[in-house]
Amino acid sequence: MIRLMRPKHYLKNALILLPLVFARQLDEPDVVLRTLIGVLAFSAVASVVYIINDLRDVRLDREHPVKRNRPIASGAVPVPVAVAQAAVLIPLAAALSWLAGSGVVGFALLAGYVLINVAYSFGLKHVPILDVTILAVGFVIRVYYGADIADITVSEWFYLTMFAFSFFVSFGKRRNEILQTGTATRIANARYVPAFLDKAMYLASAVTVVFYSLWTIDSGQGKGLIWTVPLVLVIFLVYILRVEQPDQDGDPTDVVTGSATLLSLLAVYAGAVVVLLYGV
């Protein structure tokens, strides 16, 4: 039941912390605590989405070389138990979000995240481009949810940066799914061409770095952050190199956690941001 919730994918919810970090509010314990509670709330919501997706895809998952080992597909968690687990997580997420001080916008973002992902699971994931767009929107929602809890306004450049970045990781995931398992396990994959996904991934990575560079200049945080742009470029290059390895499935969580180099570079980036913004 714990594996069914996919806790390793909670790493993606670190995006909720970004508005807090870049708005220089890490030294405000109350805001930090509320944001961390918000991370827990979103993690519960994400687990509900994963459970719904696994319930919907149980037949296809049983034909997938890796996904056949998922709890529902393998029979380790019976369907009624999975449904009950999701039913418990929904009010838990709502309670945690309320405790985090989430407003109407925050609850709307949580509900929107569930709705678009349910629509994704029940058919939209079979529509090329739209399927990747929904995945990208999910990443962006995380950022705005964190901003709502911390009462922070997300700048236009940062919004574009996050959207482009989300497309980058989503196209990379699709690319490797096709290369590893073909098109039989996902209907939309039959309409993708690997060469297109390569180009789309590279395009998204390029515009992400451009948007990030413009954001560092226009963020109101001074010009210190612009010195992190070369490091961000290196991180993207290492990530792409990892994605293009034949043993990678393209999932951003697996790509990052499976690379000591990437983890080290991200730690250096995080340290640089803290020093430049907080003068530590």
# chains A, B, ... in the order shown; residues from 1 in each chain; ligands from 1

call {"tool": "residues_around", "arguments": {"residues": "region 143-152 of chain A", "least_positions_apart": "6", "cutoff": "12 Å", "atoms": "only C-alpha atoms", "output": "number ranges by chain"}}
result
A: 12-26, 28-42, 96-113, 136-137, 158-163, 166

call {"tool": "select_by_dssp", "arguments": {"residues": "region 86-198 of chain A", "states": "helix (DSSP H, G or I)", "output": "PyMOL selection string"}}
result
chain A and resi 86-99+104-121+124-126+130-150+156-181+187-191+194-198

call {"tool": "atom_distance", "arguments": {"atom1": "CA of Pro194 (chain A)", "atom2": "CA of Ser213 (chain A)"}}
result
28.8 Å

call {"tool": "residues_around", "arguments": {"residues": "Ser205 (chain A)", "least_positions_apart": "5", "cutoff": "8 Å", "atoms": "only C-alpha atoms", "output": "PyMOL selection string"}}
result
chain A and resi 164-165+168+236

call {"tool": "write_last_selection", "arguments": {"atoms": "C-alpha atoms", "output": "short mmCIF file (atom, residue, chain, number, x, y, z; two decimals), in the first residue's frame"}}
result
data_model
loop_
_atom_site.label_atom_id
_atom_site.label_comp_id
_atom_site.auth_asym_id
_atom_site.auth_seq_id
_atom_site.Cartn_x
_atom_site.Cartn_y
_atom_site.Cartn_z
CA ALA A 164 9.17 25.11 -20.44
CA PHE A 165 11.02 22.97 -17.89
CA PHE A 168 11.30 19.29 -21.18
CA PHE A 236 20.50 20.30 -18.23
#

call {"tool": "atom_distance", "arguments": {"atom1": "CA of Phe211 (chain A)", "atom2": "CA of Val234 (chain A)"}}
result
15.7 Å

call {"tool": "closest_residue", "arguments": {"among": "A:Lys8, A:Ile2, A:Leu214, A:Tyr192", "to": "His126 (chain A)", "atoms": "only C-alpha atoms"}}
result
A:Tyr192

call {"tool": "closest_residue", "arguments": {"among": "A:Ile90, A:Ile226, A:Val66, A:Ala46", "to": "Gly138 (chain A)", "atoms": "only C-alpha atoms"}}
result
A:Ala46

call {"tool": "residues_around", "arguments": {"residues": "Gln248 (chain A)", "least_positions_apart": "5", "cutoff": "9 Å", "atoms": "only C-alpha atoms", "output": "ChimeraX atom specification"}}
result
/A:176-177,180,242-243,254-255

call {"tool": "closest_residue", "arguments": {"among": "A:Ile240, A:Val229, A:Leu4, A:Val58", "to": "Ala204 (chain A)", "atoms": "only C-alpha atoms"}}
result
A:Ile240

call {"tool": "residues_around", "arguments": {"residues": "Tyr120 (chain A)", "least_positions_apart": "2", "cutoff": "10 Å", "atoms": "only C-alpha atoms", "output": "PyMOL selection string"}}
result
chain A and resi 49+53+114-118+122-127+130-132+134-135

call {"tool": "atom_distance", "arguments": {"atom1": "CA of Val273 (chain A)", "atom2": "CA of Glu244 (chain A)"}}
result
28.2 Å

call {"tool": "residues_around", "arguments": {"residues": "Val81 (chain A)", "least_positions_apart": "4", "cutoff": "12 Å", "atoms": "only C-alpha atoms", "output": "PyMOL selection string"}}
result
chain A and resi 1+4+51+55+71-72+75-77+85-88

call {"tool": "residues_around", "arguments": {"residues": "Asp61 (chain A)", "least_positions_apart": "2", "cutoff": "12 Å", "atoms": "only C-alpha atoms", "output": "JSON, numbers by chain"}}
result
{"A": [53, 54, 55, 56, 57, 58, 59, 63, 64, 65, 66, 67, 68, 69, 70, 71, 72, 73, 74, 75, 181, 184, 185, 186]}

call {"tool": "decode", "arguments": {"residues": "region 44-91 of chain A", "atoms": "C-alpha atoms", "output": "mmCIF file, in the first residue's frame"}}
result
data_model
loop_
_atom_site.group_PDB
_atom_site.id
_atom_site.type_symbol
_atom_site.label_atom_id
_atom_site.label_comp_id
_atom_site.auth_asym_id
_atom_site.auth_seq_id
_atom_site.Cartn_x
_atom_site.Cartn_y
_atom_site.Cartn_z
ATOM 1 C CA ALA A 44 -1.507 12.924 -0.581
ATOM 2 C CA VAL A 45 -3.356 14.332 -3.600
ATOM 3 C CA ALA A 46 -0.660 13.047 -5.956
ATOM 4 C CA SER A 47 -0.998 9.584 -4.421
ATOM 5 C CA VAL A 48 -4.742 9.647 -5.096
ATOM 6 C CA VAL A 49 -4.003 10.426 -8.735
ATOM 7 C CA TYR A 50 -1.459 7.583 -8.929
ATOM 8 C CA ILE A 51 -3.987 5.148 -7.467
ATOM 9 C CA ILE A 52 -6.702 6.234 -9.905
ATOM 10 C CA ASN A 53 -4.264 5.893 -12.786
ATOM 11 C CA ASP A 54 -3.200 2.407 -11.687
ATOM 12 C CA LEU A 55 -6.827 1.325 -11.309
ATOM 13 C CA ARG A 56 -7.610 2.585 -14.788
ATOM 14 C CA ASP A 57 -4.492 1.104 -16.436
ATOM 15 C CA VAL A 58 -4.341 -2.255 -14.678
ATOM 16 C CA ARG A 59 -4.781 -4.214 -17.930
ATOM 17 C CA LEU A 60 -2.090 -2.329 -19.851
ATOM 18 C CA ASP A 61 0.249 -2.353 -16.846
ATOM 19 C CA ARG A 62 0.140 -6.156 -16.756
ATOM 20 C CA GLU A 63 1.567 -6.177 -20.283
ATOM 21 C CA HIS A 64 4.371 -3.729 -19.437
ATOM 22 C CA PRO A 65 7.789 -5.211 -18.511
ATOM 23 C CA VAL A 66 8.175 -2.874 -15.504
ATOM 24 C CA LYS A 67 4.667 -1.682 -14.648
ATOM 25 C CA ARG A 68 3.425 -5.261 -14.255
ATOM 26 C CA ASN A 69 5.101 -5.192 -10.827
ATOM 27 C CA ARG A 70 2.959 -2.312 -9.582
ATOM 28 C CA PRO A 71 0.839 -3.249 -6.528
ATOM 29 C CA ILE A 72 -2.553 -3.387 -8.262
ATOM 30 C CA ALA A 73 -1.322 -4.940 -11.523
ATOM 31 C CA SER A 74 0.567 -7.640 -9.632
ATOM 32 C CA GLY A 75 -2.365 -8.347 -7.325
ATOM 33 C CA ALA A 76 -0.452 -7.346 -4.179
ATOM 34 C CA VAL A 77 -3.113 -4.735 -3.384
ATOM 35 C CA PRO A 78 -6.719 -5.757 -4.192
ATOM 36 C CA VAL A 79 -8.836 -3.232 -6.073
ATOM 37 C CA PRO A 80 -11.284 -2.582 -3.166
ATOM 38 C CA VAL A 81 -8.366 -1.852 -0.843
ATOM 39 C CA ALA A 82 -6.858 0.582 -3.349
ATOM 40 C CA VAL A 83 -10.198 2.388 -3.709
ATOM 41 C CA ALA A 84 -10.538 2.667 0.084
ATOM 42 C CA GLN A 85 -6.987 3.972 0.351
ATOM 43 C CA ALA A 86 -7.711 6.730 -2.167
ATOM 44 C CA ALA A 87 -10.948 7.584 -0.342
ATOM 45 C CA VAL A 88 -9.000 8.125 2.893
ATOM 46 C CA LEU A 89 -6.276 10.215 1.271
ATOM 47 C CA ILE A 90 -8.685 12.794 -0.194
ATOM 48 C CA PRO A 91 -10.011 14.196 3.122
#
